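Okay, query.txt is below, compact mmCIF, C-alpha atoms and all ligand atoms:
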```
# COMPACT_ATOMS: atom_id res chain seq x y z
CA MET A 1260 82.49 192.70 36.01
CA ARG A 1261 79.41 194.91 35.68
CA SER A 1262 79.60 197.59 32.94
CA PRO A 1263 83.38 197.97 33.24
CA PRO A 1264 84.62 201.49 32.74
CA ASP A 1265 87.16 201.66 29.95
CA ASP A 1266 90.31 202.01 31.97
CA ALA A 1267 92.81 201.91 29.11
CA PRO A 1268 93.08 205.73 28.87
CA ARG A 1269 93.62 205.90 32.61
CA PHE A 1270 96.58 203.53 32.38
CA GLU A 1271 98.08 205.75 29.71
CA ALA A 1272 97.47 208.91 31.73
CA LEU A 1273 99.12 207.37 34.79
CA PHE A 1274 102.14 205.68 33.19
CA GLY A 1275 102.61 207.75 30.02
CA ARG A 1276 102.20 204.83 27.58
CA PRO A 1277 99.52 202.30 26.70
CA ALA A 1278 99.09 198.96 28.46
CA LYS A 1279 100.40 195.96 26.56
CA VAL A 1280 98.39 193.25 28.26
CA ARG A 1281 94.97 192.99 29.93
CA ALA A 1282 93.89 190.00 32.03
CA GLN A 1283 91.04 189.12 34.37
CA ALA A 1284 90.19 186.46 36.93
CA PRO A 1285 86.96 185.89 38.86
CA GLY A 1286 86.24 185.57 42.56
CA ARG A 1287 84.66 182.29 43.61
CA VAL A 1288 81.83 181.03 45.75
CA ASN A 1289 82.14 177.56 47.23
CA LEU A 1290 78.91 175.63 46.85
CA ILE A 1291 79.98 172.98 49.37
CA GLY A 1292 83.16 171.40 50.74
CA GLU A 1293 84.48 173.79 53.38
CA HIS A 1294 87.79 173.37 55.21
CA THR A 1295 88.33 170.13 53.33
CA ASP A 1296 91.01 171.39 50.94
CA TYR A 1297 93.90 171.49 53.42
CA ASN A 1298 92.83 167.99 54.51
CA GLY A 1299 93.27 166.56 51.01
CA GLY A 1300 89.50 166.41 50.45
CA PHE A 1301 86.83 167.48 47.96
CA VAL A 1302 85.45 170.95 47.12
CA LEU A 1303 82.83 172.31 44.73
CA PRO A 1304 83.40 176.00 44.00
CA MET A 1305 81.96 178.18 41.21
CA ALA A 1306 83.22 181.38 39.59
CA ILE A 1307 81.21 184.52 40.39
CA PRO A 1308 80.66 187.40 37.96
CA GLN A 1309 82.77 189.77 40.09
CA GLN A 1310 86.36 189.90 38.84
CA THR A 1311 89.76 191.44 39.22
CA GLU A 1312 91.23 193.05 36.14
CA VAL A 1313 94.86 193.96 35.54
CA MET A 1314 96.59 195.99 32.84
CA LEU A 1315 100.34 195.74 32.39
CA ALA A 1316 103.19 197.13 30.37
CA PRO A 1317 106.79 195.88 30.65
CA ARG A 1318 109.53 198.33 31.69
CA GLU A 1319 113.19 198.54 30.71
CA ASP A 1320 114.35 198.44 34.35
CA ARG A 1321 113.68 196.13 37.35
CA LYS A 1322 111.02 198.32 38.94
CA VAL A 1323 107.41 197.36 39.55
CA ARG A 1324 105.09 200.37 39.71
CA ALA A 1325 101.57 199.46 40.77
CA PHE A 1326 98.31 201.33 41.06
CA SER A 1327 95.02 200.09 42.52
CA ALA A 1328 91.88 201.83 41.28
CA ASN A 1329 90.08 200.43 44.33
CA LEU A 1330 91.78 202.68 46.80
CA LYS A 1331 89.57 205.56 47.77
CA SER A 1332 92.59 207.64 48.76
CA GLU A 1333 94.37 209.92 46.33
CA ALA A 1334 95.89 208.30 43.26
CA LYS A 1335 99.13 206.81 44.45
CA VAL A 1336 101.53 204.60 42.56
CA ASP A 1337 103.40 202.19 44.84
CA GLU A 1338 106.72 200.79 43.76
CA TYR A 1339 109.44 198.29 44.56
CA VAL A 1340 112.41 196.71 42.86
CA LEU A 1341 112.27 193.07 41.75
CA GLY A 1342 114.29 190.96 44.18
CA GLN A 1343 113.63 193.40 47.03
CA GLU A 1344 110.08 192.32 47.91
CA LYS A 1345 109.18 192.77 51.59
CA PRO A 1346 105.83 191.85 53.14
CA GLY A 1347 103.80 194.37 55.16
CA ARG A 1348 102.51 196.70 52.43
CA GLY A 1349 98.81 195.75 52.33
CA TRP A 1350 97.41 194.88 48.88
CA LEU A 1351 100.87 195.30 47.35
CA ASP A 1352 101.92 192.13 49.19
CA TYR A 1353 99.96 190.07 46.68
CA VAL A 1354 101.86 191.71 43.82
CA GLN A 1355 105.20 191.40 45.61
CA GLY A 1356 104.36 187.81 46.54
CA VAL A 1357 103.67 186.93 42.89
CA THR A 1358 106.99 188.32 41.63
CA ARG A 1359 108.92 186.75 44.53
CA VAL A 1360 107.34 183.32 43.99
CA LEU A 1361 107.85 183.44 40.20
CA HIS A 1362 111.51 184.23 40.77
CA SER A 1363 111.90 181.45 43.37
CA GLU A 1364 110.43 179.01 40.82
CA GLY A 1365 113.03 179.99 38.22
CA HIS A 1366 110.96 182.31 35.99
CA THR A 1367 112.55 185.40 34.50
CA LEU A 1368 110.68 188.68 34.74
CA GLY A 1369 111.49 192.28 33.96
CA GLY A 1370 109.99 195.30 35.65
CA PHE A 1371 106.45 196.37 34.76
CA ASP A 1372 103.78 198.98 35.31
CA LEU A 1373 100.58 197.57 36.74
CA TRP A 1374 97.09 198.93 37.07
CA LEU A 1375 94.38 196.93 38.79
CA ARG A 1376 90.72 197.12 39.62
CA SER A 1377 88.54 194.61 41.41
CA ASP A 1378 84.86 194.32 42.18
CA VAL A 1379 85.28 191.22 44.35
CA PRO A 1380 84.62 192.63 47.84
CA LEU A 1381 87.56 192.22 50.22
CA GLY A 1382 87.12 189.95 53.25
CA SER A 1383 83.79 188.64 51.92
CA GLY A 1384 84.79 184.96 51.71
CA LEU A 1385 84.75 185.21 47.91
CA SER A 1386 88.50 185.03 47.28
CA SER A 1387 89.41 188.55 46.31
CA SER A 1388 93.06 187.69 46.92
CA ALA A 1389 93.00 184.59 44.69
CA ALA A 1390 91.35 186.66 41.93
CA LEU A 1391 94.17 189.20 42.19
CA GLU A 1392 96.91 186.55 42.17
CA VAL A 1393 95.42 184.66 39.22
CA ALA A 1394 94.70 187.82 37.18
CA LEU A 1395 98.24 189.07 37.74
CA LEU A 1396 99.81 185.70 36.96
CA ARG A 1397 97.75 185.52 33.75
CA GLY A 1398 98.87 189.02 32.82
CA LEU A 1399 102.54 188.27 33.55
CA ARG A 1400 102.32 184.97 31.64
CA GLU A 1401 101.28 186.90 28.56
CA CYS A 1402 103.58 189.88 29.09
CA PHE A 1403 106.76 187.82 29.62
CA GLY A 1404 105.83 184.62 27.76
CA LEU A 1405 105.99 182.47 30.92
CA PRO A 1406 105.39 178.73 30.39
CA LEU A 1407 102.56 178.34 32.94
CA ASP A 1408 99.37 176.32 32.57
CA ASP A 1409 96.23 177.12 34.54
CA VAL A 1410 96.87 174.55 37.28
CA ARG A 1411 100.42 175.86 37.73
CA ILE A 1412 99.02 179.38 38.03
CA ALA A 1413 96.72 178.21 40.81
CA LEU A 1414 99.56 176.49 42.67
CA LEU A 1415 101.74 179.60 42.40
CA GLY A 1416 98.89 181.74 43.75
CA GLN A 1417 98.53 179.42 46.74
CA LYS A 1418 102.29 179.65 47.32
CA VAL A 1419 102.02 183.45 47.38
CA GLU A 1420 99.48 183.17 50.22
CA CYS A 1421 101.37 180.56 52.22
CA ASP A 1422 104.97 181.68 51.70
CA PHE A 1423 104.70 185.46 51.34
CA VAL A 1424 101.41 186.76 52.74
CA GLY A 1425 101.45 184.27 55.62
CA ALA A 1426 97.95 182.80 55.20
CA PRO A 1427 98.22 178.98 55.35
CA VAL A 1428 95.38 178.34 52.89
CA GLY A 1429 94.50 175.29 50.79
CA VAL A 1430 94.37 175.26 47.01
CA MET A 1431 90.62 175.66 46.41
CA ASP A 1432 90.38 179.41 45.82
CA GLN A 1433 93.18 179.70 43.30
CA MET A 1434 92.03 176.55 41.44
CA ALA A 1435 88.51 177.97 41.27
CA SER A 1436 89.66 181.38 40.07
CA SER A 1437 91.96 179.82 37.49
CA LEU A 1438 89.76 176.97 36.23
CA ALA A 1439 86.07 177.54 37.00
CA HIS A 1440 83.82 179.31 34.53
CA GLY A 1441 80.24 179.72 33.38
CA GLY A 1442 77.35 178.13 35.21
CA SER A 1443 79.34 175.03 36.18
CA ALA A 1444 80.76 174.08 39.54
CA LEU A 1445 84.34 172.80 39.67
CA PHE A 1446 84.38 169.42 41.40
CA LEU A 1447 87.97 169.21 42.60
CA ASP A 1448 89.91 166.53 44.39
CA THR A 1449 92.40 168.75 46.21
CA ARG A 1450 94.88 165.91 46.64
CA SER A 1451 95.22 164.71 43.06
CA LEU A 1452 94.10 168.07 41.60
CA GLN A 1453 91.83 166.15 39.25
CA TYR A 1454 88.78 168.21 38.42
CA GLU A 1455 85.57 168.07 36.50
CA ARG A 1456 83.05 170.77 35.62
CA VAL A 1457 79.56 169.92 36.85
CA PRO A 1458 76.76 172.12 35.45
CA LEU A 1459 73.96 173.31 37.74
CA PRO A 1460 70.63 171.75 36.73
CA ALA A 1461 68.19 174.07 34.94
CA GLY A 1462 65.87 174.26 37.96
CA VAL A 1463 68.27 176.00 40.36
CA GLU A 1464 70.17 179.25 40.52
CA PRO A 1465 72.80 180.34 43.03
CA ILE A 1466 72.43 183.31 45.38
CA VAL A 1467 75.36 184.90 47.19
CA VAL A 1468 74.80 187.41 49.97
CA ASN A 1469 77.69 189.12 51.76
CA SER A 1470 77.04 189.60 55.49
CA GLY A 1471 79.29 192.68 55.70
CA VAL A 1472 81.30 191.02 58.49
CA THR A 1473 84.85 190.87 57.17
CA HIS A 1474 87.52 188.27 57.93
CA SER A 1475 91.19 187.59 57.28
CA HIS A 1476 92.81 184.18 56.93
CA ALA A 1477 96.24 185.41 57.83
CA GLY A 1478 94.64 185.86 61.28
CA GLY A 1479 94.50 183.29 64.06
CA ASP A 1480 91.25 181.34 63.74
CA TYR A 1481 91.80 179.77 60.33
CA ARG A 1482 95.33 178.82 61.35
CA VAL A 1483 94.02 177.23 64.57
CA ARG A 1484 91.47 175.11 62.66
CA ARG A 1485 94.13 173.90 60.27
CA ALA A 1486 96.48 173.02 63.14
CA GLU A 1487 93.66 171.13 64.89
CA CYS A 1488 93.15 169.01 61.77
CA GLU A 1489 96.85 168.30 61.44
CA ARG A 1490 97.06 167.31 65.10
CA SER A 1491 94.02 165.04 64.77
CA ALA A 1492 95.49 163.33 61.71
CA LYS A 1493 98.71 162.70 63.61
CA LEU A 1494 96.90 161.31 66.66
CA LEU A 1495 94.82 159.06 64.42
CA GLY A 1496 97.88 157.84 62.51
CA VAL A 1497 96.93 159.10 59.04
CA GLU A 1498 98.75 161.52 56.80
CA GLN A 1499 95.71 163.70 56.18
CA LEU A 1500 92.09 163.47 57.41
CA ARG A 1501 91.15 162.49 53.85
CA ASP A 1502 92.78 159.15 54.60
CA LEU A 1503 90.53 158.37 57.56
CA PRO A 1504 87.84 155.81 56.65
CA ASP A 1505 84.29 156.75 57.76
CA GLY A 1506 84.24 153.72 60.06
CA GLU A 1507 86.98 155.37 62.12
CA LEU A 1508 84.77 158.24 63.22
CA PRO A 1509 84.07 156.73 66.68
CA ARG A 1510 87.84 156.60 67.30
CA ALA A 1511 88.11 160.26 66.24
CA LEU A 1512 85.28 161.25 68.56
CA ALA A 1513 87.29 159.90 71.47
CA LEU A 1514 90.02 162.50 70.82
CA PRO A 1515 90.26 165.40 73.27
CA GLU A 1516 87.72 168.21 72.69
CA PRO A 1517 87.31 169.84 70.19
CA LEU A 1518 89.31 167.58 67.87
CA GLY A 1519 86.63 164.91 67.47
CA ARG A 1520 84.10 167.48 66.26
CA ARG A 1521 86.61 168.99 63.86
CA VAL A 1522 87.26 165.56 62.33
CA ARG A 1523 83.53 164.83 62.15
CA HIS A 1524 83.03 168.04 60.16
CA VAL A 1525 85.76 167.15 57.66
CA LEU A 1526 84.58 163.57 57.17
CA THR A 1527 80.90 164.41 56.82
CA GLU A 1528 81.65 167.45 54.62
CA ASN A 1529 83.66 165.32 52.17
CA ALA A 1530 80.72 162.93 51.97
CA ARG A 1531 78.34 165.87 51.39
CA VAL A 1532 80.42 167.10 48.46
CA LEU A 1533 80.19 163.69 46.80
CA ALA A 1534 76.44 163.53 47.48
CA THR A 1535 75.96 167.05 46.08
CA VAL A 1536 77.83 166.19 42.88
CA ARG A 1537 75.59 163.13 42.53
CA ALA A 1538 72.44 165.21 43.08
CA LEU A 1539 73.58 167.83 40.54
CA ARG A 1540 74.31 165.18 37.94
CA GLU A 1541 70.96 163.49 38.49
CA GLY A 1542 69.04 166.79 38.69
CA ASP A 1543 67.81 165.67 42.12
CA LEU A 1544 66.87 169.13 43.42
CA ALA A 1545 65.18 167.75 46.53
CA ALA A 1546 68.46 166.27 47.73
CA LEU A 1547 70.46 169.51 47.37
CA GLY A 1548 68.87 171.66 50.07
CA PRO A 1549 69.33 169.31 53.04
CA LEU A 1550 73.00 168.85 52.07
CA LEU A 1551 73.63 172.61 52.13
CA TYR A 1552 71.82 173.11 55.43
CA ALA A 1553 73.63 170.14 56.99
CA SER A 1554 76.93 171.64 55.87
CA HIS A 1555 76.03 174.88 57.59
CA VAL A 1556 75.11 173.20 60.86
CA SER A 1557 78.33 171.22 60.76
CA GLN A 1558 80.36 174.40 60.21
CA ARG A 1559 78.46 176.17 62.97
CA ASP A 1560 78.49 173.46 65.65
CA ASP A 1561 81.38 171.11 64.87
CA TYR A 1562 83.88 173.33 63.08
CA GLU A 1563 82.79 176.56 64.84
CA VAL A 1564 83.58 178.93 61.98
CA SER A 1565 80.25 180.73 61.75
CA VAL A 1566 79.19 184.01 63.36
CA PRO A 1567 75.69 185.17 64.44
CA GLU A 1568 75.23 187.37 61.35
CA ILE A 1569 75.89 184.43 59.02
CA ASP A 1570 73.53 182.21 61.04
CA LEU A 1571 70.89 184.92 60.72
CA LEU A 1572 71.24 184.95 56.91
CA VAL A 1573 70.87 181.17 56.83
CA ASP A 1574 67.78 181.37 59.08
CA LEU A 1575 66.25 184.04 56.82
CA ALA A 1576 66.91 181.74 53.85
CA ARG A 1577 65.11 178.87 55.62
CA ALA A 1578 61.99 181.04 55.82
CA GLU A 1579 61.92 181.41 52.00
CA PRO A 1580 59.98 178.62 50.27
CA ASP A 1581 61.93 179.08 47.02
CA VAL A 1582 65.30 178.58 48.69
CA LEU A 1583 66.35 174.93 48.60
CA GLY A 1584 69.33 175.28 50.91
CA ALA A 1585 71.87 177.76 52.31
CA ARG A 1586 75.22 177.71 54.05
CA LEU A 1587 78.24 179.73 55.09
CA THR A 1588 80.72 179.81 52.19
CA GLY A 1589 84.50 180.35 52.34
CA GLY A 1590 86.82 180.40 55.30
CA GLY A 1591 84.23 181.73 57.76
CA PHE A 1592 84.35 184.04 60.80
CA GLY A 1593 82.26 186.41 58.67
CA GLY A 1594 81.96 186.61 54.89
CA SER A 1595 79.09 185.37 52.75
CA VAL A 1596 76.28 182.86 52.49
CA VAL A 1597 75.58 180.79 49.39
CA MET A 1598 72.05 179.59 48.66
CA LEU A 1599 70.42 177.55 45.93
CA ALA A 1600 67.01 178.84 44.88
CA ARG A 1601 64.44 177.85 42.27
CA THR A 1602 65.38 179.38 38.93
CA GLY A 1603 63.86 182.79 38.36
CA THR A 1604 63.34 183.57 42.06
CA GLY A 1605 66.90 184.52 43.03
CA ALA A 1606 66.79 188.31 42.64
CA ASP A 1607 63.57 188.77 44.64
CA VAL A 1608 64.47 186.28 47.33
CA ALA A 1609 67.94 187.75 47.80
CA ALA A 1610 66.65 191.33 47.99
CA ARG A 1611 64.06 190.29 50.62
CA ILE A 1612 66.65 188.48 52.72
CA ALA A 1613 69.00 191.47 52.56
CA THR A 1614 66.22 193.81 53.71
CA ARG A 1615 65.22 191.57 56.63
CA TYR A 1616 68.86 191.20 57.62
CA GLY A 1617 69.20 195.01 57.63
CA GLU A 1618 66.27 195.23 60.06
CA ARG A 1619 67.88 192.82 62.50
CA ALA A 1620 71.66 193.06 62.15
CA THR A 1621 74.03 195.95 62.68
CA HIS A 1622 75.77 195.22 59.36
CA ARG A 1623 74.40 195.75 55.87
CA ALA A 1624 74.03 192.78 53.54
CA THR A 1625 75.01 193.03 49.87
CA VAL A 1626 73.58 190.79 47.19
CA LEU A 1627 76.38 189.73 44.83
CA VAL A 1628 74.64 186.93 42.91
CA PRO A 1629 72.42 187.32 40.99
CA GLN A 1630 74.16 190.56 40.09
CA PRO A 1631 71.76 193.39 40.76
CA ALA A 1632 70.95 195.50 37.68
CA PRO A 1633 73.11 198.64 37.52
CA SER A 1634 71.33 201.70 38.89
CA PRO A 1635 70.20 204.03 36.08
C1 LIG A 1701 89.65 179.92 52.54
C2 LIG A 1701 90.91 179.26 52.02
C3 LIG A 1701 90.60 177.97 51.26
C4 LIG A 1701 89.69 177.05 52.06
C5 LIG A 1701 88.49 177.83 52.61
C6 LIG A 1701 87.65 176.99 53.53
O1 LIG A 1701 88.87 180.38 51.48
O2 LIG A 1701 91.59 180.14 51.17
O3 LIG A 1701 91.80 177.32 50.92
O4 LIG A 1701 90.40 176.42 53.08
O5 LIG A 1701 88.88 178.99 53.31
O6 LIG A 1701 87.02 175.98 52.82
```

Spell out the structure here as structure tokens.
Amino acid sequence: MRSPPDDAPRFEALFGRPAKVRAQAPGRVNLIGEHTDYNGGFVLPMAIPQQTEVMLAPREDRKVRAFSANLKSEAKVDEYVLGQEKPGRGWLDYVQGVTRVLHSEGHTLGGFDLWLRSDVPLGSGLSSSAALEVALLRGLRECFGLPLDDVRIALLGQKVECDFVGAPVGVMDQMASSLAHGGSALFLDTRSLQYERVPLPAGVEPIVVNSGVTHSHAGGDYRVRRAECERSAKLLGVEQLRDLPDGELPRALALPEPLGRRVRHVLTENARVLATVRALREGDLAALGPLLYASHVSQRDDYEVSVPEIDLLVDLARAEPDVLGARLTGGGFGGSVVMLARTGTGADVAARIATRYGERATHRATVLVPQPAPSP
């Protein structure tokens, strides 16, 4: 988080006593491996510098009192009683979802006061909700001594989304927020949950540009894609698309439209993740770019999760000689683009792309990585 304001005095002013625990968790950018996680496949996300921070203090009663410093409106503390969580209260649903899920998994919590701040932009495809869930779960783990390891925290966060918020997501975002760090990508097998940290080679740096077109995965399109994959798997007689051998692609392509194209995306995307991991390990920079661009085309044409603004950002990236590759990152239907550029060029390239985008699109692009220097 860039030059974080010291919020401790603000917690005290709001709740009348100091915070006992502070915890953070980052947003994530997925380098490659999109819409593969709910098909049991491979993903390769990285943590971004933008984070969510929570401060907590336990209470004597069963109340949760929560304040978000992100809300522009007047300072307002929202509250509910543990055991009486009800969805439909905006950002508070993530907090309510966490306490509900912890309870349903047999963990004992008392009430608490909660203060949170996030600089992961909402609806940007960079997992602001996973960052909130993981930060809060980390804070509650410390506050109430809960026996949770980092993988368990990720699985609980995913459960909050699926069972409480109503967004049928895979496990990538929460695993990335809980386990990814530094300049390494997290190569994750979403079926076995085995993971390995793969450093970026010295010659490349990531760029992340938010298109300003926001999305929500509780909404219809993401759900439809997931259902299409599940239907395809059933028609093809496999448990998940991960189980379909590459040689079976012709059989998949004979499925009714658009199922064949959906399956082709998932199969080829899994293969691209493995090829990207290989290229990163071998420092084969020339191989990286085509993999990213191919992933974008597959998302655009076969999986149909891109939007014109995102395609424009990718086209602007193609015109930059120092960009190796670029693609839509995250769930899609808006959000952000991830690029790999030659080390040392990222800030200039990203600023130029954002300016050109502003001249041609009705939205404004924001460069998130590399983090722009704070204005004086
Ligand atoms: C969202 C979901 C993830 C994953 C991506 C697409 O970010 O939360 O589980 O499915 O979309 O790769």

> Which polymer residues, protein or nucleic acid, are no farther than 10 Å from (114.0, 189.6, 45.6), counting all atoms listed in the file, as a ChimeraX atom specification?
Replying inline: /A:1339-1345,1355-1356,1358-1360,1362-1363

> For Gly1548 in chain A, which residue among A:Ala1632, A:Gly1593, A:Leu1290, A:Tyr1454 is the nearest when counting all atoms listed in the file?
Replying inline: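 With all atoms listed in the file as the atom set, the closest residue is A:Leu1290.
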
> Looking at A:Pro1460, A:Gly1292, A:Gly1442, A:Gly1300, which one is nearest to ligand LIG 1701 (chain A), with distances taken over all atoms listed in the file?
Replying inline: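 So, comparing all the options, the nearest one is A:Gly1292.
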
>> Can you work out which residues are within 10 Å of ligand LIG 1701 (chain A), considering all atoms listed in the file, and then hand them over as a PyMOL selection string?
In response: chain A and resi 1287-1289+1291-1298+1301-1304+1382-1389+1417+1420-1421+1426-1434+1449+1475-1477+1481-1482+1484-1485+1564+1587-1591+1594

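We find CA of Asp1422 in chain A and CA of Asn1469 in chain A to be spaced 28.3 Å apart.
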
>> At a cut-off of 12 Å around the point (104.8, 177.2, 30.7) (file coordinates), what residues fall inside when counting only C-alpha atoms? I'd like the answer as a ChimeraX atom specification.
In response: /A:1361,1364-1367,1396-1397,1399-1401,1403-1412

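Of the listed residues (A:Arg1586, A:Ile1466, A:Phe1423, A:Asp1607), A:Ile1466 comes nearest to Val1628 in chain A; the distances count only C-alpha atoms.
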
>> Please compute the CA of Leu1572 in chain A-CA of Leu1526 in chain A distance, one decimal, in Å.
In response: 25.2 Å

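Taking all atoms listed in the file into account, Gln1310 in chain A lies nearest to A:Leu1627 out of the set A:Leu1508, A:Leu1627, A:Val1582, A:Leu1368.
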
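Across the structure, CA of Ile1569 in chain A and CA of Asp1378 in chain A are spaced 21.5 Å apart.
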
> For Pro1465 in chain A, which residue among A:Arg1611, A:Pro1268, A:Thr1604, A:Arg1324 is the nearest when counting only C-alpha atoms?
Replying inline: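 Looking only at the distances to Pro1465 in chain A, the closest residue turns out to be A:Thr1604.
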
Wanna dump the range 1419-1485 of chain A-range 1613-1622 of chain A contacts at 9 Å for me, each residue with its shortest atom pair and the distance in Å to one decimal, counting only C-alpha atoms, ordered by chain and number, as a Markdown table?
```
| residue | atom | partner | partner_atom | distance |
| --- | --- | --- | --- | --- |
| A:Val1468 | CA | A:Ala1613 | CA | 7.5 |
| A:Ser1470 | CA | A:His1622 | CA | 6.9 |
| A:Gly1471 | CA | A:His1622 | CA | 5.7 |
| A:Val1472 | CA | A:His1622 | CA | 7.0 |
```

For the selection you just gave me, I'd like the residues written to a file as a PDB file, keeping the file's coordinate frame, keeping C-alpha atoms.
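Below is the file again32.pdb, written as the result:
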```pdb
ATOM      1  CA  VAL A1468      74.800 187.410  49.970  1.00  0.00           C
ATOM      2  CA  SER A1470      77.040 189.600  55.490  1.00  0.00           C
ATOM      3  CA  GLY A1471      79.290 192.680  55.700  1.00  0.00           C
ATOM      4  CA  VAL A1472      81.300 191.020  58.490  1.00  0.00           C
TER       5      VAL A1472
END
```

> With distances taken over all atoms listed in the file, which of A:Leu1518, A:Val1463, A:Ala1585, A:Ala1534 is nearest to Leu1551 in chain A?
Replying inline: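 Looking at the shortest contact to Leu1551 in chain A, the residue is A:Ala1585.
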
> Residues at most 12 Å from Glu1271 in chain A, counting all atoms listed in the file, excluding those fewer than 6 positions away in the same chain, as a PyMOL selection string?
Replying inline: chain A and resi 1265+1277-1279+1314-1316+1372-1374

With a distance cut-off of 12 Å and all atoms listed in the file, select the neighbouring residues of Val1497 in chain A, excluding the residue or stretch itself and same-chain residues fewer than 5 positions from it, and output the selection as a PDB file with C-alpha atoms, in the frame of the given file.
```
ATOM      1  CA  ASN A1298      92.830 167.990  54.510  1.00  0.00           C
ATOM      2  CA  GLY A1299      93.270 166.560  51.010  1.00  0.00           C
ATOM      3  CA  CYS A1488      93.150 169.010  61.770  1.00  0.00           C
ATOM      4  CA  GLU A1489      96.850 168.300  61.440  1.00  0.00           C
ATOM      5  CA  ARG A1490      97.060 167.310  65.100  1.00  0.00           C
ATOM      6  CA  SER A1491      94.020 165.040  64.770  1.00  0.00           C
ATOM      7  CA  ALA A1492      95.490 163.330  61.710  1.00  0.00           C
ATOM      8  CA  ASP A1502      92.780 159.150  54.600  1.00  0.00           C
ATOM      9  CA  LEU A1503      90.530 158.370  57.560  1.00  0.00           C
ATOM     10  CA  PRO A1504      87.840 155.810  56.650  1.00  0.00           C
ATOM     11  CA  GLU A1507      86.980 155.370  62.120  1.00  0.00           C
ATOM     12  CA  ALA A1511      88.110 160.260  66.240  1.00  0.00           C
TER      13      ALA A1511
END
```

Can you take range 1415-1427 of chain A from the block and write N, CA, C and O atoms as a compact mmCIF listing (two decimals), in the first residue's frame?
```
# COMPACT_ATOMS: atom_id res chain seq x y z
N LEU A 1415 -11.56 -20.87 3.02
CA LEU A 1415 -12.67 -20.22 3.72
C LEU A 1415 -13.13 -18.97 2.96
O LEU A 1415 -14.33 -18.70 2.84
N GLY A 1416 -12.16 -18.22 2.42
CA GLY A 1416 -12.52 -17.02 1.64
C GLY A 1416 -13.36 -17.39 0.43
O GLY A 1416 -14.36 -16.74 0.12
N GLN A 1417 -12.97 -18.47 -0.24
CA GLN A 1417 -13.74 -18.92 -1.41
C GLN A 1417 -15.16 -19.32 -0.99
O GLN A 1417 -16.14 -19.04 -1.69
N LYS A 1418 -15.26 -19.95 0.17
CA LYS A 1418 -16.57 -20.36 0.68
C LYS A 1418 -17.46 -19.15 0.97
O LYS A 1418 -18.67 -19.19 0.75
N VAL A 1419 -16.84 -18.08 1.45
CA VAL A 1419 -17.59 -16.84 1.70
C VAL A 1419 -18.24 -16.38 0.39
O VAL A 1419 -19.43 -16.04 0.34
N GLU A 1420 -17.46 -16.39 -0.69
CA GLU A 1420 -17.97 -15.95 -1.99
C GLU A 1420 -19.11 -16.86 -2.47
O GLU A 1420 -20.16 -16.38 -2.90
N CYS A 1421 -18.85 -18.16 -2.42
CA CYS A 1421 -19.80 -19.11 -3.01
C CYS A 1421 -21.05 -19.25 -2.15
O CYS A 1421 -22.17 -19.24 -2.66
N ASP A 1422 -20.88 -19.36 -0.84
CA ASP A 1422 -22.02 -19.70 0.02
C ASP A 1422 -22.74 -18.48 0.57
O ASP A 1422 -23.91 -18.56 0.91
N PHE A 1423 -22.06 -17.35 0.70
CA PHE A 1423 -22.73 -16.20 1.33
C PHE A 1423 -22.98 -15.07 0.33
O PHE A 1423 -24.09 -14.58 0.20
N VAL A 1424 -21.92 -14.69 -0.41
CA VAL A 1424 -22.07 -13.56 -1.35
C VAL A 1424 -22.84 -14.00 -2.60
O VAL A 1424 -23.53 -13.21 -3.23
N GLY A 1425 -22.70 -15.29 -2.95
CA GLY A 1425 -23.43 -15.79 -4.12
C GLY A 1425 -22.66 -15.64 -5.42
O GLY A 1425 -23.26 -15.52 -6.49
N ALA A 1426 -21.32 -15.62 -5.35
CA ALA A 1426 -20.49 -15.57 -6.56
C ALA A 1426 -19.78 -16.92 -6.67
O ALA A 1426 -18.92 -17.23 -5.83
N PRO A 1427 -20.13 -17.73 -7.68
CA PRO A 1427 -19.62 -19.11 -7.72
C PRO A 1427 -18.20 -19.19 -8.26
O PRO A 1427 -17.93 -19.80 -9.29
```
